[in-house]
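Quick notes on the structure that follows.
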Amino acid sequence: MSTLTDPPKEQFRLSMLLYDTRYRSGTIQVIAMFGFMLLAAWLINNTLSNLAALGKPIDFGFFSEPAGYDINQRLLEYTSRDSHLRAALMGLLNTLVVAFLGCITATILGVIIGVLRLSSNWLVARLMAVYVELFRNVPVLLWIVFVMAILIETLPAPRAFRGENPEATMSLADSVAVTNRGVYIPEPLFSRSLGDAHLFGESSLRFDVSLDLMAILVVLGLSLFASIKIRQRADRIQEATGDRPATWHVRTAVVVVPMAILLAVLGFYLGYPELKGFNFKGGTHLRNSLIALWLALSLYTAAFIAEIVRAGIMAISKGQTEAAEALGLRSNKIMSLVVLPQALRVIIPPLISNYLNLTKNSSLAIAVGYMDITGTLGGITMNQTGRELECVLLLMLVYLAISLTISGIMNWYNEAVKLKER
Amino acid sequence: MAGYQEEVNMKKSVLLGAMAFAGLAAGAASAGTLDDVKARGKLNCGVTVGLVGFAAPNANGEWEGFDVAVCRAVAAAVLGDSTAVEFVPTTGKTRFTALASGEIDMLARNTTWTFSRDVDLKFEFTGVNYYDGQGFMVPKDLGVSSAKELDGATVCIQTGTTTELNLADFFRSNNISYEPVPIETNAEAQQQYLAGACDVYTTDASGLAATRATFDDPGAHVLLPEIISKEPLGPLVRHGDNEWGDVVRWTLNALVSAEELGITSANLSEMSAGTENPEINRLLGSEGTLGEMLGLDATWAQKAIASQGNYGEIFAKNIGEDTPVGLARGLNAQWTEGGLLYAPPFR
């Protein structure tokens with residue numbers, strides 16, 4: 001029989017929290033965390049008590065009050081009798097529109113400029129360098145105001161289109177009117193329209209969905225699906241027999257014919273803008289404020305994206321290009337098949353932050369009177385109701401949500417294209 | 001938004017001061033603005049970013065105008081020096097935050113006295129220095145003679161103002177449509193209007209007259225006859241500091257009463273010595289203790305009147321018929337002349 005003795009159990013003493021290196025860092029973190037929470041609590045409490053002393057406790061009740069003001073660019077139906085919540089929703093949609101348009105054009109411009117900046121043509125490369133330096137080194141607010149000033153001062157007023165010998169005429173076979181109040185373009189209309197579906201009843205979030213648009217999207221989706229199936233079938237035949245059947249005419253027909261039939265059934269036609277009274281009526285009105293903001297944000301952000309694209313391309317070793325050349329690929333094929341797919345892995349992460357910057361910069365909209373969420377919720381609503389804290393907090397929350405969504409989508413895309421390590 | 005923090009019971013901290021919402025909360029509700037102003041030796045007065053005749057810097061960079069005169073009169077009454085004013089330019093959007101946060105002590109920025117601003121926004125209007133109404137300005141060659149003919153027009157409007165709401169109501173109730181173009185400042189509105197980016201510019205009629213006065217060809221623009229709202233414009237202070245509110249209110253009343261009682265900057269020193277009229281004597285401090293009651297010295301009203309003259313003189317100098325702005329007294333005449341100006345008695 002043997003005796004087992006346990007090793008002496010180490011007693012935990014309180015002083016070890018401070019003197020034992022195993023616990024010390026934990027202790028410090030807990031204390032720091034506690035201090036930070038106290039600070040936050042003090043700030044919040046201080047704000048609340050001061051607001052209460054002022055007789056303005058936090059209250060979101062103003063949201064259901066009528067807004068009382070009009071918004072020029074509204075994507076959904078809105079009148080001045082609608083609630084502040086609905087006005088904020090109009091602003092949110094306007095923010096999303098300009099951010100979406102801006103991100104797309106900035107990316108296209110940025111990629112073109114970034115690639116051209118590496119061009120072997122000295123003049124083109126230098127011009128692109130000038131573009132990049134000019135745009136990214138001047139504050140975006142100035143660009144926005146500058147573009148707006150150009151639009152207002154150089155383009156003709158609708159008045160100039162009037163009379164026997166008008167000073168200005170409409171362009172593109174009288175279908176597009178370019179004025180200093182914006183651009184009027186033809187709008188698609190349907191003489192046998194299916195009407196709208198009304199969602200969410202009479203609430204502040206109500207919106208109408210055009211059934212025509214839905215029908216078009218459904219048909220387009222089905223056509224594209226059929227087209228993909230045909231391609232896959234061609235792929236299978238090619239793999240089995242080595243011969244690829246010509247499919248382009250079938251694939252084109254599968255997309256075009258059903259769409260043409262659908263449009264004919266719906267009675268599709270274009271509504272042209274026409275000068276009536278003070279302004280052009282009919283057509284789609286792209287307001288100056290939208291164009292100025294969109295253009296300035298795109299041009300500005302494109303300069304940053306161009307640099308990212310350039311960096312991404314330069315990160316791909318020259319050997320890749322030389323190898324592709326050795327295989328006999330032409331230079332545009334090398335760029336699109338070899339270099340850019342690899343460069344994307346370097347490009348996407350910084351691209352995300354540029355999308356976020358563009359979205360947040362769109363809050364400068366008020367400089368040109370574009371009614372985004374900052375202009376409605378953080379502008380007129382805040383001013384008319386005097387609920388500064390509530391409005392600003394909500395505004396921050398909205399931008400946070402938009403930004404997190406964008407980076408979520410882009411991170412997902414990044415996962416999809418990044419180098420797969422197996 | 002960094003507020004001027006005078007909260008005594010609150011420990012100051014650079015870190016916290018930097019946080020905007022702390023600043024918003026901290027400066028608010030601070031009692032004793034009068035003491036603060038005296039201690040600082042300077043009055044922080046919020047004015048418009050530039051509206052000729054009401055508040056705009058002149059060629060020497062000194063602020064002048066009808067609203068500026070109210071600031072100067074208050075500074076003269078409180079500090080004895082009409083130049084001891086820090087003018088803080090505010091837009092229609094930033095003005096209330098600036099006042100609520102304590103960045104400015106008073107706001108004299110052609111601001112309309114409304115129920116919700118007084119009650120809900122927690123401000124105190126200390127009187128009316130200009131009775132105004134919202135009007136429309138259009139180019140003459142547009143051939144419009146009434147605001148009801150403006151169906152479909154593009155209208156430039158300063159955002160964050162009562163005019164924005166009046167406009168929506170006016171077009172709605174007349175069942176006509178319009179396209180609003182929201183604009184931040186008067187200068188931008190002017191640019192857009194002159195370029196023809198909007199057909200109509202709407203704001204308070206006085207503002208329209210002041211803006212038109214700066215045009216190259218003022219004659220080419222007309223004000224439409226419709227006045228679609230009541231816009232009593234006046235200086236305001238924060239709610240809850242009645243002593244300070246009294247100082248601003250009675251300084252304005254002193255300017256109005258001075259005109260009614262015939263006190264001008266020319267005869268001020270003569271009248272200050274004492275007159276047959278006890279009300280003049282009480283106002284100018286040679287009799288009674290009105291100044292002391294306000295927490296000021298006995299000659300407060302004298303100094304206020306000395307700074308820019310009485311109400312009538314201020315009006316005539318800045319926006320009257322002999323100035324480019326060219327406004328008639330109209331509603332802003334003394335009650336004895338058929339106007340609405342009626343200062344309560346100094347007793």
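Identifiers in this document derive from the order of the structure tokens: chains are assigned A, B, ..., residues are numbered from 1 separately in each chain, and ligands are numbered from 1 in order of occurrence.
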All residues 7 Å or closer to stretch 117-126 of chain B, only C-alpha atoms, same chain fewer than 6 positions away omitted, as a ChimeraX atom specification: /A:386 /B:234-239,245,248-249
Same residues, N, CA and C atoms, saved as a PDB file, in the first residue's frame:
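What ended up in selection-v4.pdb:
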```pdb
ATOM      1  N   GLY A 386     -37.122  70.492 -32.991  1.00  0.00           N
ATOM      2  CA  GLY A 386     -36.197  70.805 -31.906  1.00  0.00           C
ATOM      3  C   GLY A 386     -35.702  69.585 -31.152  1.00  0.00           C
TER       4      GLY A 386
ATOM      5  N   GLY B 234     -38.436  88.572 -34.033  1.00  0.00           N
ATOM      6  CA  GLY B 234     -37.929  89.198 -32.821  1.00  0.00           C
ATOM      7  C   GLY B 234     -36.748  88.468 -32.253  1.00  0.00           C
ATOM      8  N   PRO B 235     -36.068  89.113 -31.307  1.00  0.00           N
ATOM      9  CA  PRO B 235     -34.946  88.450 -30.648  1.00  0.00           C
ATOM     10  C   PRO B 235     -35.453  87.410 -29.650  1.00  0.00           C
ATOM     11  N   LEU B 236     -34.647  86.371 -29.411  1.00  0.00           N
ATOM     12  CA  LEU B 236     -35.065  85.359 -28.455  1.00  0.00           C
ATOM     13  C   LEU B 236     -33.891  84.891 -27.616  1.00  0.00           C
ATOM     14  N   VAL B 237     -34.249  84.341 -26.468  1.00  0.00           N
ATOM     15  CA  VAL B 237     -33.238  83.820 -25.540  1.00  0.00           C
ATOM     16  C   VAL B 237     -33.707  82.438 -25.095  1.00  0.00           C
ATOM     17  N   ARG B 238     -32.860  81.778 -24.291  1.00  0.00           N
ATOM     18  CA  ARG B 238     -33.250  80.456 -23.798  1.00  0.00           C
ATOM     19  C   ARG B 238     -34.340  80.576 -22.750  1.00  0.00           C
ATOM     20  N   HIS B 239     -35.180  79.574 -22.736  1.00  0.00           N
ATOM     21  CA  HIS B 239     -36.213  79.439 -21.728  1.00  0.00           C
ATOM     22  C   HIS B 239     -35.560  79.280 -20.344  1.00  0.00           C
ATOM     23  N   GLY B 245     -33.835  87.255 -19.958  1.00  0.00           N
ATOM     24  CA  GLY B 245     -34.933  87.538 -20.873  1.00  0.00           C
ATOM     25  C   GLY B 245     -35.459  88.956 -20.658  1.00  0.00           C
ATOM     26  N   VAL B 248     -33.138  91.624 -22.249  1.00  0.00           N
ATOM     27  CA  VAL B 248     -33.271  91.750 -23.702  1.00  0.00           C
ATOM     28  C   VAL B 248     -34.622  92.373 -24.065  1.00  0.00           C
ATOM     29  N   ARG B 249     -35.681  91.907 -23.378  1.00  0.00           N
ATOM     30  CA  ARG B 249     -37.019  92.411 -23.670  1.00  0.00           C
ATOM     31  C   ARG B 249     -37.105  93.907 -23.453  1.00  0.00           C
TER      32      ARG B 249
END
```
Non-local contacts of stretch 241-244 of chain B (10 Å; only C-alpha atoms; under 6 positions in same chain excluded) as a ChimeraX atom specification: /B:29-35,37,105-106,123-124,126,293-295
Shortest interatomic distance to B:Ala189 - which of B:Ile228, B:Ala168, B:Ile319, B:Met137, counting only C-alpha atoms: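 Nearest candidate to B:Ala189 out of B:Ile228, B:Ala168, B:Ile319, B:Met137: B:Met137.
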Pick from B:Glu259, B:Glu179, B:Asp204, B:Glu337, whichever lies nearest to chain A using only C-alpha atoms: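 Nearest candidate to chain A out of B:Glu259, B:Glu179, B:Asp204, B:Glu337: B:Glu179.
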Set out as a Markdown table a contact list for chain B and chain A with a cut-off of 9 Å, giving each residue of chain B that qualifies its closest atom pair and distance in Å to one decimal, counting only C-alpha atoms, ordered by chain and rising residue number.
```
| residue | atom | partner | partner_atom | distance |
| --- | --- | --- | --- | --- |
| B:Leu16 | CA | A:Leu43 | CA | 8.2 |
| B:Phe21 | CA | A:Leu389 | CA | 7.3 |
| B:Ala22 | CA | A:Thr47 | CA | 6.4 |
| B:Leu24 | CA | A:Thr47 | CA | 8.3 |
| B:Ala25 | CA | A:Thr47 | CA | 5.3 |
| B:Ala26 | CA | A:Asn50 | CA | 6.7 |
| B:Gly27 | CA | A:Asn50 | CA | 8.9 |
| B:Ala28 | CA | A:Leu54 | CA | 6.9 |
| B:Ala29 | CA | A:Leu54 | CA | 5.6 |
| B:Gly92 | CA | A:Asn383 | CA | 8.4 |
| B:Lys93 | CA | A:Asn383 | CA | 6.0 |
| B:Thr94 | CA | A:Asn383 | CA | 8.1 |
| B:Phe96 | CA | A:Asn383 | CA | 7.5 |
| B:Thr97 | CA | A:Glu388 | CA | 7.6 |
| B:Ser116 | CA | A:Thr385 | CA | 8.0 |
| B:Arg117 | CA | A:Gly386 | CA | 8.1 |
| B:Asp120 | CA | A:Gly386 | CA | 7.4 |
| B:Leu121 | CA | A:Gly386 | CA | 5.3 |
| B:Lys122 | CA | A:Leu54 | CA | 7.5 |
| B:Leu142 | CA | A:Arg159 | CA | 8.8 |
| B:Leu150 | CA | A:Phe278 | CA | 8.1 |
| B:Asp151 | CA | A:Gly277 | CA | 7.9 |
| B:Gly152 | CA | A:Phe278 | CA | 6.1 |
| B:Ala153 | CA | A:Phe278 | CA | 5.2 |
| B:Thr154 | CA | A:Phe278 | CA | 7.5 |
| B:Thr159 | CA | A:Ile380 | CA | 6.7 |
| B:Gly160 | CA | A:Ile380 | CA | 5.1 |
| B:Thr161 | CA | A:Gln384 | CA | 7.9 |
| B:Thr162 | CA | A:Gln384 | CA | 8.2 |
| B:Glu164 | CA | A:Tyr69 | CA | 6.2 |
| B:Leu165 | CA | A:Tyr69 | CA | 5.3 |
| B:Asn166 | CA | A:Gly68 | CA | 8.5 |
| B:Leu167 | CA | A:Tyr69 | CA | 8.1 |
| B:Ala168 | CA | A:Tyr69 | CA | 5.8 |
| B:Asp169 | CA | A:Gly68 | CA | 7.6 |
| B:Arg172 | CA | A:Ser80 | CA | 8.4 |
| B:Tyr178 | CA | A:Asn72 | CA | 8.8 |
| B:Glu179 | CA | A:Asn72 | CA | 5.8 |
| B:Pro180 | CA | A:Asn72 | CA | 5.6 |
| B:Val181 | CA | A:Gly369 | CA | 6.5 |
| B:Pro182 | CA | A:Gly369 | CA | 5.0 |
| B:Ile183 | CA | A:Gly369 | CA | 5.4 |
| B:Glu184 | CA | A:Ala367 | CA | 7.1 |
| B:Gln191 | CA | A:Ile152 | CA | 8.7 |
| B:Gln192 | CA | A:Ile152 | CA | 6.9 |
| B:Ala195 | CA | A:Glu153 | CA | 6.0 |
| B:Gly196 | CA | A:Ala157 | CA | 5.6 |
| B:Ala197 | CA | A:Arg181 | CA | 5.3 |
| B:Cys198 | CA | A:Arg181 | CA | 7.5 |
| B:Asp199 | CA | A:Phe278 | CA | 7.4 |
| B:His239 | CA | A:Leu54 | CA | 8.0 |
| B:Gly240 | CA | A:Leu54 | CA | 8.0 |
```
Given only C-alpha atoms as the counted atoms, nearest of B:Trp250, B:Tyr311, B:Tyr342, B:Phe171 to B:Glu149: B:Phe171
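Distance annotation: of B:Ile157, B:Val85, B:Leu208, B:Leu107, the residue with the minimal separation from B:Thr185 is B:Ile157; atom set is only C-alpha atoms.
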